[in-house]
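Next comes query-v7.txt, a file with compact mmCIF, C-alpha atoms.
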# COMPACT_ATOMS: atom_id res chain seq x y z
CA MET P 302 231.94 -87.32 -155.60
CA ASN P 303 228.30 -88.09 -156.38
CA LYS P 304 226.44 -87.40 -159.58
CA ILE P 305 224.92 -84.05 -158.54
CA ASN P 306 228.26 -82.72 -157.34
CA LYS P 307 229.90 -83.69 -160.62
CA ILE P 308 227.26 -81.83 -162.58
CA LEU P 309 226.87 -78.85 -160.30
CA PHE P 310 230.23 -77.54 -159.32
CA PRO P 311 232.29 -77.19 -162.50
CA PHE P 312 230.16 -74.44 -164.03
CA LEU P 313 228.29 -72.75 -161.20
CA GLY P 314 230.60 -69.76 -161.22
CA LEU P 315 229.80 -68.95 -164.84
CA MET P 316 227.17 -66.21 -165.16
CA PRO P 317 225.31 -65.12 -168.30
CA LEU P 318 226.40 -61.83 -169.84
CA ILE P 319 223.00 -60.95 -171.30
CA ALA P 320 221.30 -58.02 -169.58
CA SER P 321 217.90 -58.63 -167.99
CA ALA P 322 214.91 -57.26 -169.79
CA SER P 323 213.04 -54.20 -168.61
CA GLY P 324 209.31 -54.00 -168.00
CA GLU P 325 206.96 -55.82 -165.65
CA SER P 326 207.96 -59.20 -164.28
CA PRO P 327 206.03 -62.01 -162.62
CA TYR P 328 208.76 -61.95 -159.96
CA HIS P 329 208.92 -59.28 -157.28
CA ALA P 330 212.73 -59.45 -157.26
CA ILE P 331 215.48 -61.00 -159.37
CA VAL P 332 218.84 -61.99 -157.89
CA ALA P 333 221.87 -62.26 -160.17
CA ALA P 334 225.50 -62.30 -159.06
CA ASP P 335 226.56 -60.56 -162.28
CA GLY P 336 224.41 -57.51 -161.58
CA SER P 337 221.79 -58.22 -164.25
CA GLY P 338 219.03 -58.45 -161.66
CA ASP P 339 217.68 -56.26 -158.87
CA TYR P 340 220.09 -57.65 -156.26
CA ARG P 341 223.40 -59.46 -156.24
CA THR P 342 222.66 -61.60 -153.15
CA VAL P 343 219.67 -63.53 -151.89
CA SER P 344 220.02 -61.87 -148.48
CA GLU P 345 219.56 -58.44 -150.01
CA ALA P 346 216.40 -59.56 -151.79
CA VAL P 347 214.99 -61.05 -148.59
CA ALA P 348 215.86 -57.92 -146.60
CA ALA P 349 213.95 -55.81 -149.12
CA ALA P 350 210.81 -57.98 -148.98
CA PRO P 351 207.86 -56.57 -147.01
CA GLU P 352 206.84 -57.93 -143.63
CA GLY P 353 203.51 -59.52 -142.84
CA LEU P 354 202.79 -60.79 -146.35
CA THR P 355 199.64 -62.81 -147.00
CA SER P 356 200.49 -63.95 -150.53
CA PRO P 357 203.68 -65.15 -152.26
CA TRP P 358 206.62 -62.78 -152.63
CA ARG P 359 208.38 -64.36 -155.59
CA ILE P 360 212.19 -64.07 -155.77
CA LEU P 361 213.92 -65.47 -158.86
CA VAL P 362 217.53 -66.53 -158.25
CA LYS P 363 219.49 -66.85 -161.48
CA SER P 364 222.13 -69.51 -162.07
CA GLY P 365 225.25 -69.11 -159.98
CA ASN P 366 226.97 -69.69 -156.68
CA TYR P 367 225.71 -67.44 -153.88
CA ASP P 368 228.22 -67.69 -151.05
CA GLU P 369 226.19 -66.36 -148.13
CA PHE P 370 223.97 -67.45 -145.29
CA VAL P 371 220.33 -66.43 -145.45
CA VAL P 372 217.91 -65.89 -142.57
CA ILE P 373 214.20 -65.39 -143.24
CA PRO P 374 212.69 -63.94 -140.05
CA GLU P 375 209.30 -64.82 -138.59
CA SER P 376 207.94 -61.48 -139.76
CA LYS P 377 208.39 -62.40 -143.44
CA PRO P 378 206.06 -65.25 -144.39
CA TYR P 379 205.31 -66.26 -147.97
CA ILE P 380 208.85 -65.89 -149.29
CA HIS P 381 209.20 -68.01 -152.45
CA LEU P 382 212.78 -68.62 -153.66
CA ILE P 383 212.86 -69.92 -157.23
CA GLY P 384 216.12 -71.00 -158.87
CA GLN P 385 216.97 -72.27 -162.33
CA GLY P 386 217.45 -75.84 -161.12
CA LYS P 387 219.42 -77.59 -158.40
CA ASN P 388 222.27 -78.25 -160.83
CA SER P 389 222.78 -74.57 -161.62
CA THR P 390 221.61 -72.36 -158.72
CA ALA P 391 223.25 -72.81 -155.30
CA ILE P 392 223.14 -70.96 -151.99
CA ARG P 393 226.16 -72.13 -150.05
CA HIS P 394 228.42 -71.22 -147.18
CA LYS P 395 231.13 -72.84 -145.07
CA LEU P 396 229.92 -72.99 -141.49
CA ASN P 397 229.70 -75.42 -138.58
CA GLN P 398 228.38 -75.46 -135.03
CA GLY P 399 231.44 -76.64 -133.15
CA GLN P 400 232.31 -75.40 -129.67
CA GLN P 401 235.83 -74.24 -128.89
CA ASN P 402 236.32 -76.97 -126.27
CA MET P 403 236.26 -79.50 -129.13
CA GLU P 404 239.82 -78.42 -129.97
CA GLY P 405 241.23 -81.27 -127.90
CA GLY P 406 238.56 -83.80 -128.81
CA ARG P 407 237.25 -85.52 -131.93
CA PHE P 408 237.97 -82.58 -134.19
CA ALA P 409 241.38 -81.66 -132.77
CA ASN P 410 243.10 -81.88 -136.14
CA SER P 411 240.48 -79.95 -138.08
CA ALA P 412 240.14 -76.23 -138.72
CA PHE P 413 236.51 -76.21 -137.61
CA TRP P 414 236.83 -73.23 -135.24
CA GLU P 415 237.75 -70.94 -138.11
CA TYR P 416 234.28 -71.66 -139.56
CA SER P 417 232.25 -72.10 -136.37
CA CYS P 418 229.11 -70.05 -135.81
CA ASN P 419 230.18 -69.91 -132.14
CA ASN P 420 233.40 -68.11 -133.04
CA PRO P 421 232.86 -64.36 -132.41
CA ASP P 422 235.12 -63.56 -135.36
CA VAL P 423 232.90 -65.47 -137.79
CA LYS P 424 230.02 -63.71 -139.48
CA SER P 425 227.16 -66.15 -138.96
CA PRO P 426 223.50 -66.41 -138.01
CA GLY P 427 224.55 -66.88 -134.38
CA ASN P 428 223.07 -69.94 -132.70
CA THR P 429 222.83 -72.15 -135.75
CA SER P 430 225.17 -73.35 -138.44
CA ALA P 431 222.38 -73.39 -141.03
CA VAL P 432 223.32 -71.87 -144.38
CA VAL P 433 219.64 -71.03 -144.82
CA PHE P 434 217.47 -70.60 -141.71
CA VAL P 435 213.77 -70.08 -142.37
CA ARG P 436 211.82 -68.99 -139.31
CA ALA P 437 208.74 -67.76 -141.18
CA PRO P 438 205.77 -69.88 -142.27
CA ASP P 439 204.56 -70.39 -145.85
CA PHE P 440 208.02 -70.73 -147.37
CA TYR P 441 208.46 -72.30 -150.80
CA SER P 442 211.62 -73.08 -152.75
CA GLU P 443 212.22 -74.68 -156.11
CA GLY P 444 215.29 -75.40 -158.21
CA ILE P 445 217.99 -74.46 -155.67
CA SER P 446 220.84 -76.35 -154.01
CA TYR P 447 221.44 -75.54 -150.35
CA ILE P 448 225.03 -76.50 -149.54
CA ASN P 449 227.05 -76.33 -146.36
CA ASP P 450 230.60 -76.42 -147.68
CA TRP P 451 232.02 -77.44 -144.31
CA GLY P 452 230.25 -80.78 -144.59
CA ARG P 453 230.66 -81.16 -148.34
CA GLU P 454 234.40 -80.42 -148.37
CA THR P 455 235.54 -82.11 -145.14
CA TRP P 456 233.08 -85.03 -145.02
CA SER P 457 233.34 -84.65 -141.27
CA GLY P 458 231.52 -83.18 -138.27
CA PRO P 459 230.71 -81.19 -136.28
CA GLN P 460 227.14 -80.13 -137.09
CA ALA P 461 226.90 -78.24 -140.36
CA LEU P 462 223.33 -77.60 -141.45
CA ALA P 463 222.50 -76.81 -145.04
CA PHE P 464 218.84 -75.97 -144.40
CA TYR P 465 216.81 -75.38 -141.23
CA GLY P 466 213.11 -74.77 -141.69
CA ASN P 467 211.45 -74.01 -138.35
CA ALA P 468 207.85 -73.06 -139.08
CA ASP P 469 204.62 -74.40 -140.53
CA ARG P 470 203.83 -74.87 -144.22
CA HIS P 471 207.25 -75.25 -145.82
CA ALA P 472 207.62 -76.83 -149.26
CA LEU P 473 210.63 -77.80 -151.40
CA LYS P 474 210.65 -78.98 -155.00
CA ASP P 475 213.69 -79.95 -157.09
CA CYS P 476 216.05 -78.81 -154.33
CA ALA P 477 219.31 -80.36 -153.13
CA LEU P 478 220.34 -80.25 -149.46
CA ILE P 479 224.02 -81.16 -149.13
CA SER P 480 226.32 -81.50 -146.11
CA PHE P 481 227.66 -84.28 -143.86
CA GLN P 482 226.30 -84.05 -140.30
CA ASP P 483 222.76 -82.76 -139.69
CA THR P 484 222.20 -81.57 -143.25
CA TRP P 485 218.46 -80.82 -142.95
CA ARG P 486 216.78 -79.79 -139.71
CA THR P 487 212.99 -79.85 -139.69
CA PRO P 488 210.76 -77.81 -137.33
CA ASP P 489 211.00 -78.04 -133.56
CA ARG P 490 207.21 -77.83 -133.18
CA ALA P 491 204.72 -80.66 -133.53
CA ASP P 492 202.03 -78.47 -135.16
CA THR P 493 203.98 -77.98 -138.41
CA ARG P 494 203.88 -79.49 -141.89
CA THR P 495 206.71 -79.79 -144.37
CA TYR P 496 206.43 -81.24 -147.87
CA ALA P 497 209.30 -82.06 -150.23
CA ARG P 498 209.23 -83.60 -153.69
CA ASP P 499 211.82 -84.41 -156.36
CA CYS P 500 214.64 -83.46 -154.00
CA TYR P 501 218.14 -84.76 -153.23
CA VAL P 502 219.41 -84.99 -149.64
CA GLU P 503 223.06 -85.87 -148.94
CA GLY P 504 224.90 -86.60 -145.73
CA ALA P 505 226.16 -89.22 -143.30
CA VAL P 506 225.16 -88.44 -139.70
CA ASP P 507 221.49 -87.87 -138.81
CA TYR P 508 221.22 -85.87 -141.99
CA MET P 509 217.48 -85.34 -141.71
CA TYR P 510 216.50 -84.61 -138.14
CA GLY P 511 214.04 -82.69 -135.99
CA GLY P 512 210.28 -82.75 -135.58
CA GLY P 513 207.00 -81.90 -137.24
CA ASP P 514 204.93 -83.86 -139.72
CA VAL P 515 207.18 -84.13 -142.77
CA MET P 516 206.38 -85.87 -146.05
CA VAL P 517 209.14 -86.48 -148.61
CA GLU P 518 208.17 -88.00 -151.96
CA ASN P 519 210.07 -89.10 -155.07
CA SER P 520 213.41 -87.99 -153.64
CA THR P 521 216.91 -89.42 -153.17
CA PHE P 522 218.76 -89.85 -149.88
CA TYR P 523 222.47 -90.15 -150.64
CA ASN P 524 224.89 -91.58 -148.05
CA VAL P 525 228.56 -90.62 -148.15
CA ARG P 526 230.26 -92.94 -145.67
CA SER P 527 230.14 -96.36 -144.06
CA GLY P 528 227.70 -96.48 -141.16
CA SER P 529 225.61 -93.51 -142.28
CA VAL P 530 222.36 -92.81 -140.43
CA ILE P 531 219.63 -91.08 -142.41
CA VAL P 532 217.05 -89.72 -139.93
CA ALA P 533 217.12 -88.77 -136.24
CA PRO P 534 213.59 -87.61 -135.43
CA ASN P 535 212.26 -85.90 -132.32
CA HIS P 536 208.49 -86.30 -132.14
CA ASN P 537 206.02 -85.98 -129.30
CA GLU P 538 202.51 -84.95 -130.34
CA GLU P 539 202.91 -85.45 -134.08
CA LYS P 540 200.46 -87.89 -135.65
CA TRP P 541 202.62 -88.90 -138.61
CA GLY P 542 206.20 -87.74 -138.01
CA TYR P 543 208.53 -88.49 -140.93
CA VAL P 544 206.86 -90.06 -143.96
CA ILE P 545 209.37 -91.04 -146.67
CA LYS P 546 207.39 -92.31 -149.63
CA ASP P 547 208.35 -93.52 -153.12
CA CYS P 548 211.95 -92.50 -152.49
CA VAL P 549 215.41 -93.91 -153.26
CA ILE P 550 218.31 -94.61 -150.90
CA ASP P 551 221.71 -94.48 -152.59
CA GLY P 552 225.33 -93.80 -151.70
CA ASN P 553 228.96 -93.73 -152.68
CA GLU P 554 231.39 -96.66 -152.58
CA GLU P 555 232.03 -96.27 -148.85
CA ALA P 556 228.30 -96.54 -148.20
CA ARG P 557 227.87 -99.82 -150.08
CA ASP P 558 229.14 -102.07 -147.27
CA GLY P 559 225.77 -102.92 -145.72
CA LYS P 560 226.27 -100.86 -142.55
CA GLN P 561 223.88 -98.00 -143.27
CA LYS P 562 220.93 -97.30 -140.94
CA LEU P 563 217.52 -95.92 -141.77
CA GLY P 564 217.44 -93.89 -138.57
CA ARG P 565 217.78 -93.64 -134.83
CA PRO P 566 215.45 -92.08 -132.21
CA TRP P 567 216.78 -88.71 -131.08
CA GLN P 568 214.26 -87.52 -128.48
CA GLY P 569 210.59 -87.87 -127.51
CA THR P 570 208.67 -90.69 -129.18
CA PRO P 571 209.90 -90.55 -132.78
CA ARG P 572 207.87 -91.69 -135.78
CA THR P 573 209.30 -92.59 -139.18
CA ALA P 574 207.72 -94.64 -141.95
CA TYR P 575 209.47 -95.65 -145.17
CA VAL P 576 206.81 -96.55 -147.77
CA ASN P 577 207.69 -97.99 -151.19
CA THR P 578 211.42 -97.31 -150.82
CA THR P 579 213.98 -98.51 -153.36
CA MET P 580 217.32 -99.20 -151.69
CA LEU P 581 220.11 -99.07 -154.25
CA ILE P 582 222.67 -99.79 -151.56
CA PRO P 583 222.44 -102.48 -148.87
CA ILE P 584 221.06 -101.44 -145.49
CA ALA P 585 222.18 -103.08 -142.24
CA PRO P 586 219.85 -106.01 -141.48
CA GLN P 587 218.66 -104.40 -138.22
CA GLY P 588 217.71 -101.25 -140.14
CA TRP P 589 217.62 -98.94 -137.12
CA ASP P 590 219.90 -97.98 -134.23
CA ASP P 591 219.66 -96.79 -130.62
CA MET P 592 220.00 -93.16 -129.57
CA GLY P 593 218.22 -91.03 -126.97
CA ALA P 594 214.63 -92.30 -126.94
CA ILE P 595 212.26 -95.19 -127.58
CA PRO P 596 210.49 -94.76 -130.95
CA ALA P 597 206.76 -95.05 -131.39
CA VAL P 598 206.93 -95.99 -135.08
CA PHE P 599 210.08 -97.04 -136.90
CA ALA P 600 208.56 -99.02 -139.73
CA GLU P 601 208.64 -99.91 -143.42
CA TYR P 602 206.35 -101.12 -146.14
CA ASN P 603 207.32 -102.52 -149.54
CA SER P 604 211.05 -101.86 -149.27
CA ARG P 605 212.85 -103.24 -152.34
CA ASP P 606 216.36 -103.66 -153.67
CA ARG P 607 217.70 -102.23 -156.94
CA GLN P 608 216.26 -105.17 -158.91
CA GLY P 609 212.81 -104.57 -157.44
CA ASN P 610 212.91 -107.62 -155.14
CA PRO P 611 211.25 -107.34 -151.71
CA LEU P 612 213.77 -106.95 -148.88
CA ASP P 613 213.91 -109.34 -145.97
CA LEU P 614 212.74 -107.30 -142.96
CA SER P 615 212.78 -110.18 -140.48
CA GLN P 616 215.90 -108.91 -138.68
CA ARG P 617 214.76 -105.31 -138.32
CA LYS P 618 215.28 -103.87 -134.86
CA THR P 619 212.17 -103.83 -132.65
CA HIS P 620 213.64 -103.34 -129.16
CA PHE P 621 215.47 -100.14 -128.23
CA THR P 622 217.76 -99.30 -125.32
CA THR P 623 219.02 -95.89 -124.28
CA LYS P 624 220.27 -93.91 -121.31
CA SER P 625 218.07 -91.11 -120.06
CA ARG P 626 219.47 -87.64 -120.67
CA LYS P 627 218.47 -86.68 -117.10
CA ASN P 628 220.12 -89.54 -115.26
CA SER P 629 222.07 -92.71 -115.83
CA ASN P 630 219.06 -95.04 -115.79
CA VAL P 631 218.81 -97.34 -118.76
CA LEU P 632 215.53 -97.06 -120.66
CA GLU P 633 214.25 -99.99 -122.68
CA GLY P 634 211.20 -100.51 -124.79
CA ASP P 635 209.69 -101.89 -127.96
CA ALA P 636 208.58 -99.70 -130.83
CA GLU P 637 204.80 -99.67 -131.15
CA LYS P 638 205.08 -100.41 -134.85
CA THR P 639 208.00 -101.91 -136.75
CA ARG P 640 206.24 -103.10 -139.90
CA LEU P 641 203.31 -101.67 -141.79
CA THR P 642 200.56 -103.71 -143.35
CA LYS P 643 199.18 -102.61 -146.70
CA ASP P 644 196.12 -101.11 -145.01
CA GLU P 645 198.35 -99.18 -142.61
CA ALA P 646 200.67 -98.00 -145.39
CA ASP P 647 197.68 -96.82 -147.42
CA ARG P 648 196.85 -94.34 -144.64
CA TYR P 649 200.15 -92.49 -145.16
CA THR P 650 198.70 -90.23 -147.85
CA TYR P 651 199.37 -86.67 -148.88
CA GLU P 652 195.84 -85.75 -147.84
CA SER P 653 196.33 -87.18 -144.35
CA VAL P 654 199.79 -85.80 -143.62
CA ILE P 655 199.60 -82.37 -145.33
CA ARG P 656 195.84 -81.72 -144.98
CA PRO P 657 195.36 -79.57 -148.13
CA GLU P 658 191.68 -79.11 -147.30
CA GLU P 659 192.85 -76.65 -144.63
CA GLY P 660 194.04 -74.28 -147.34
CA TRP P 661 197.69 -75.20 -147.88
CA ASP P 662 198.27 -77.35 -150.97
CA PRO P 663 201.95 -77.43 -151.99
CA ARG P 664 201.33 -80.00 -154.72
CA ALA P 665 199.15 -77.45 -156.47
CA MET P 666 201.99 -74.89 -156.28
CA MET P 667 204.36 -77.44 -157.81
CA GLU P 668 202.08 -78.49 -160.67
CA PRO P 669 203.79 -77.34 -163.89
CA LEU P 670 201.79 -75.24 -166.30
CA PRO P 671 201.69 -76.52 -169.89
CA ALA P 672 204.07 -75.17 -172.50
CA VAL P 673 203.00 -72.10 -174.46
CA LYS P 674 201.65 -72.62 -177.97
CA GLY P 675 202.02 -70.58 -181.10
CA LEU P 676 205.54 -69.38 -180.36
CA THR P 677 206.83 -67.36 -183.30
CA CYS P 678 209.51 -64.78 -184.02
CA THR P 679 209.13 -62.15 -186.73
CA ASP P 680 211.81 -59.50 -187.22
CA GLY P 681 213.11 -60.10 -183.70
CA TYR P 682 209.66 -59.90 -182.12
CA LEU P 683 208.63 -62.96 -180.08
CA GLU P 684 204.95 -63.75 -179.64
CA TRP P 685 203.05 -66.66 -178.11
CA GLU P 686 199.58 -67.63 -176.94
CA PRO P 687 198.69 -67.10 -173.26
CA VAL P 688 198.61 -70.07 -170.89
CA GLU P 689 195.67 -70.35 -168.53
CA GLY P 690 196.83 -69.77 -164.95
CA ALA P 691 200.11 -68.10 -165.94
CA ILE P 692 201.01 -64.80 -164.30
CA GLY P 693 203.99 -64.33 -166.60
CA TYR P 694 206.72 -65.99 -168.61
CA VAL P 695 210.49 -66.51 -168.51
CA VAL P 696 212.41 -66.11 -171.77
CA PHE P 697 215.65 -68.07 -172.17
CA ASP P 698 218.44 -68.00 -174.72
CA GLY P 699 219.89 -71.44 -174.12
CA ASP P 700 220.19 -71.70 -170.33
CA ASP P 701 220.45 -67.94 -169.80
CA ILE P 702 217.42 -65.94 -168.67
CA ILE P 703 217.11 -62.89 -170.91
CA ALA P 704 213.67 -61.66 -169.82
CA THR P 705 210.80 -62.16 -167.39
CA VAL P 706 207.55 -60.67 -168.67
CA THR P 707 203.87 -60.57 -167.79
CA GLY P 708 202.69 -60.22 -171.39
CA THR P 709 202.86 -62.63 -174.31
CA SER P 710 205.51 -60.94 -176.40
CA HIS P 711 209.10 -59.78 -176.17
CA ARG P 712 211.61 -58.19 -178.53
CA ILE P 713 215.04 -59.81 -178.81
CA GLU P 714 218.14 -58.32 -180.41
CA LYS P 715 219.92 -61.58 -181.23
CA VAL P 716 219.82 -65.30 -180.56
CA ASN P 717 223.01 -66.93 -179.33
CA ARG P 718 221.71 -70.46 -178.89
CA ALA P 719 218.00 -71.36 -178.74
CA ILE P 720 215.00 -69.40 -177.54
CA ARG P 721 212.83 -71.10 -174.93
CA ILE P 722 209.74 -69.87 -173.06
CA ARG P 723 208.42 -71.17 -169.73
CA PRO P 724 205.17 -70.00 -168.09
CA VAL P 725 205.12 -68.97 -164.42
CA ASN P 726 202.32 -69.82 -161.99
CA ALA P 727 201.19 -67.83 -158.94
CA ALA P 728 203.76 -69.55 -156.71
CA GLY P 729 206.60 -68.53 -159.04
CA SER P 730 207.12 -72.10 -160.25
CA MET P 731 208.21 -72.40 -163.88
CA GLY P 732 206.17 -74.64 -166.15
CA ARG P 733 206.96 -76.71 -169.19
CA THR P 734 209.27 -75.49 -171.93
CA ALA P 735 208.39 -74.34 -175.44
CA LEU P 736 211.26 -74.15 -177.95
CA LEU P 737 211.27 -71.71 -180.85
CA ARG P 738 211.53 -73.79 -184.00
Represent the structure from my file as structure tokens, please.
Amino acid sequence: MNKINKILFPFLGLMPLIASASGESPYHAIVAADGSGDYRTVSEAVAAAPEGLTSPWRILVKSGNYDEFVVIPESKPYIHLIGQGKNSTAIRHKLNQGQQNMEGGRFANSAFWEYSCNNPDVKSPGNTSAVVFVRAPDFYSEGISYINDWGRETWSGPQALAFYGNADRHALKDCALISFQDTWRTPDRADTRTYARDCYVEGAVDYMYGGGDVMVENSTFYNVRSGSVIVAPNHNEEKWGYVIKDCVIDGNEEARDGKQKLGRPWQGTPRTAYVNTTMLIPIAPQGWDDMGAIPAVFAEYNSRDRQGNPLDLSQRKTHFTTKSRKNSNVLEGDAEKTRLTKDEADRYTYESVIRPEEGWDPRAMMEPLPAVKGLTCTDGYLEWEPVEGAIGYVVFDGDDIIATVTGTSHRIEKVNRAIRIRPVNAAGSMGRTALLR
């Protein structure tokens, strides 16, 4: 079991017993499994959100395990799901996408059909095994683990998506996406942008796949078996495709045998660039594998081992062979680009891929506000100085949220551990912590 799993699962069922505070909140809804919020499930909070929003609808999800699947329909843009951290807030469900005719095949000895979204007796989102399926644009999430328990528990196929985001302008910060096969599906459309930072993605088989221009920064890709394949992109008209920058590739003991692959081309003319990647586990010398297409760009720049030494890329795969999906003809071809020069790598910027000048700037949403100053408590009455840009504040006793307020004061009846305050920005993101001394 990897580090995040060790931290996350022992205590996720424990919920705080402190009642939530009354009064105005910077969040439009609060979800808490223990009943201390407005809703007990994330699905209920999403169902209650208005349609056709043009600004963030902030939903705070308190620490806990939320065993449910969540669908955000196209009619509900600007949903922002904010958790207390990927090690304490999890939306999870046990679901796969197996067909019944697999019973006699690869998965004959598994109980996959009992958890298949194609089984009419299983409550599921229908045509996808995604635990969370976001069909609306302008989605933002922070501090939540998205877990498909079929993949996490069995470490086996069939498909079992943890997260499927299929629209433009999606952003993830400090989130974990955990399964085995096809963990994270990105949009089907070329005219979409996805940005992820400080995240953790776990799997073994094509565990980031799909289309769209996607930039992932400062994140960890964790492999859980020998012969894992990280990405399986499907690009056609995308300019950038998958851009994995300043990230880490890691894995468990099984994945330390030098057989792991950076990716394989699913469909179309896939594009994937690894820029400034630290590989804590050995990757197969060829780096890439064949699948269903000939890639346009399967390339790297400045890949290094755990000691910071440059990797030898001389044996990386440049020629790809595949059978057409429409007939039995063998297709062969060379990738247009298999290595990036420094000048080429320097073009893979946030500004180029995400285009914030067009009005969508997820980095700005993720920027933490500074900690409050002047925090005092007199006769049970907390006060602090306002933070510029804050729309409200979250009050903690230890790790438990005891209040969300829009003002700069709050009365407390008792302190069980330690009082902390965090400011909230317009996206719902929590800023830096101030501790009551």
| field | Atom pair CA of Met592 (chain P) / CA of Pro566 (chain P): separation (Å) | value |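 The value is 5.4 Å.
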| said: Need the shell around region 377-386 of chain P: protein/DNA/RNA residues with any atom at most 7 Å away, counting only C-alpha atoms. Skip same-chain ones fewer than 4 positions apart. Format as a PyMOL selection string? | reply: chain P and resi 351-364+373+390+437-445+475+729-730
| request: Pick out the closest residue to Phe370 (chain P) from this set: P:Val695, P:Val688, P:Val432, P:Ile550. Count only C-alpha atoms. | output: P:Val432
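Ranking P:Lys618, P:His329, P:Lys562, P:His394 by their shortest atom-to-atom distance to Ser446 (chain P), with only C-alpha atoms included, puts P:His394 first.
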| task | Could you please determine the separation between CA of His536 (chain P) and CA of Val435 (chain P) in Å, to one decimal place? | result |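 Separation between CA of His536 (chain P) and CA of Val435 (chain P): 19.9 Å.
What separates CA of Ala505 (chain P) from CA of Lys560 (chain P) is a distance of 11.7 Å.
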| message | I want to know what sits within 12 Å of region 416-422 of chain P, based on only C-alpha atoms, with residues of the same chain fewer than 5 positions away left out; could you give that as number ranges by chain? | response | P: 370, 394-404, 411, 427-432, 449-452, 455, 458-462
| request: Using all atoms listed in the file, find the one residue out of P:Arg486, P:Lys674, P:Lys624, P:Arg565 that sits nearest to Val530 (chain P). | output: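 Ranked by minimum distance to Val530 (chain P), first place goes to P:Arg565.
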| query | With only C-alpha atoms as the atoms that count, which of P:Asp613, P:Glu369, P:Glu601, P:Asp514 lies nearest to His471 (chain P)? | reply | P:Asp514
| Which residues, written as a count of residues only, have at least one atom at most 8 Å from Arg721 (chain P), with only C-alpha atoms counted and residues fewer than 3 positions away on the same chain left out? | 8
| Residues within 10 Å of Pro488 (chain P), only C-alpha atoms, excluding chain neighbours under 6 positions, as a PyMOL selection string | chain P and resi 435-436+465-469+471+494-495+510-515+535
| said: Let me make sure I understand: among P:Glu645, P:Val598, P:Tyr694, P:Ala391, which one has the smallest atom-to-atom distance to Ala333 (chain P) if we use only C-alpha atoms? | reply: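 Selected residue with least distance to Ala333 (chain P): P:Ala391.
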| field | Which of P:Ala412, P:Cys548, P:Leu473, P:Val433 sits closest to Val343 (chain P) [using all atoms listed in the file] | value |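 With all atoms listed in the file as the atom set, the closest residue is P:Val433.
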| message | Which residues are close to Arg526 (chain P), i.e. within 8 Å by only C-alpha atoms, leaving aside same-chain residues fewer than 6 positions away? Reply as a ChimeraX atom specification. | response | /P:505,552-556
As a JSON list (two decimals), keeping the file's coordinate frame, please: region 713-722 of chain P completed to N, CA, C and O atoms.
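Final output, out30.json:
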[["chain", "number", "residue", "atom", "x", "y", "z"],
["P", 713, "ILE", "N", 213.67, -59.35, -179.04],
["P", 713, "ILE", "CA", 215.04, -59.81, -178.81],
["P", 713, "ILE", "C", 215.94, -59.23, -179.88],
["P", 713, "ILE", "O", 215.54, -59.05, -181.04],
["P", 714, "GLU", "N", 217.19, -58.92, -179.48],
["P", 714, "GLU", "CA", 218.14, -58.32, -180.41],
["P", 714, "GLU", "C", 218.90, -59.39, -181.20],
["P", 714, "GLU", "O", 219.20, -59.20, -182.37],
["P", 715, "LYS", "N", 219.20, -60.52, -180.54],
["P", 715, "LYS", "CA", 219.92, -61.58, -181.23],
["P", 715, "LYS", "C", 219.69, -62.89, -180.49],
["P", 715, "LYS", "O", 219.29, -62.91, -179.32],
["P", 716, "VAL", "N", 219.95, -63.98, -181.16],
["P", 716, "VAL", "CA", 219.82, -65.30, -180.56],
["P", 716, "VAL", "C", 221.19, -65.98, -180.59],
["P", 716, "VAL", "O", 221.77, -66.16, -181.65],
["P", 717, "ASN", "N", 221.70, -66.28, -179.40],
["P", 717, "ASN", "CA", 223.01, -66.93, -179.33],
["P", 717, "ASN", "C", 222.90, -68.45, -179.43],
["P", 717, "ASN", "O", 223.77, -69.10, -180.00],
["P", 718, "ARG", "N", 221.86, -69.00, -178.88],
["P", 718, "ARG", "CA", 221.71, -70.46, -178.89],
["P", 718, "ARG", "C", 220.29, -70.84, -179.33],
["P", 718, "ARG", "O", 220.04, -71.00, -180.51],
["P", 719, "ALA", "N", 219.37, -70.97, -178.39],
["P", 719, "ALA", "CA", 218.00, -71.36, -178.74],
["P", 719, "ALA", "C", 217.03, -70.67, -177.79],
["P", 719, "ALA", "O", 217.25, -70.66, -176.56],
["P", 720, "ILE", "N", 215.99, -70.10, -178.34],
["P", 720, "ILE", "CA", 215.00, -69.40, -177.54],
["P", 720, "ILE", "C", 214.00, -70.41, -176.95],
["P", 720, "ILE", "O", 213.44, -71.24, -177.65],
["P", 721, "ARG", "N", 213.81, -70.28, -175.64],
["P", 721, "ARG", "CA", 212.83, -71.10, -174.93],
["P", 721, "ARG", "C", 211.95, -70.20, -174.09],
["P", 721, "ARG", "O", 212.40, -69.16, -173.59],
["P", 722, "ILE", "N", 210.69, -70.61, -173.89],
["P", 722, "ILE", "CA", 209.74, -69.87, -173.06],
["P", 722, "ILE", "C", 209.17, -70.84, -172.02],
["P", 722, "ILE", "O", 208.80, -71.97, -172.35]]
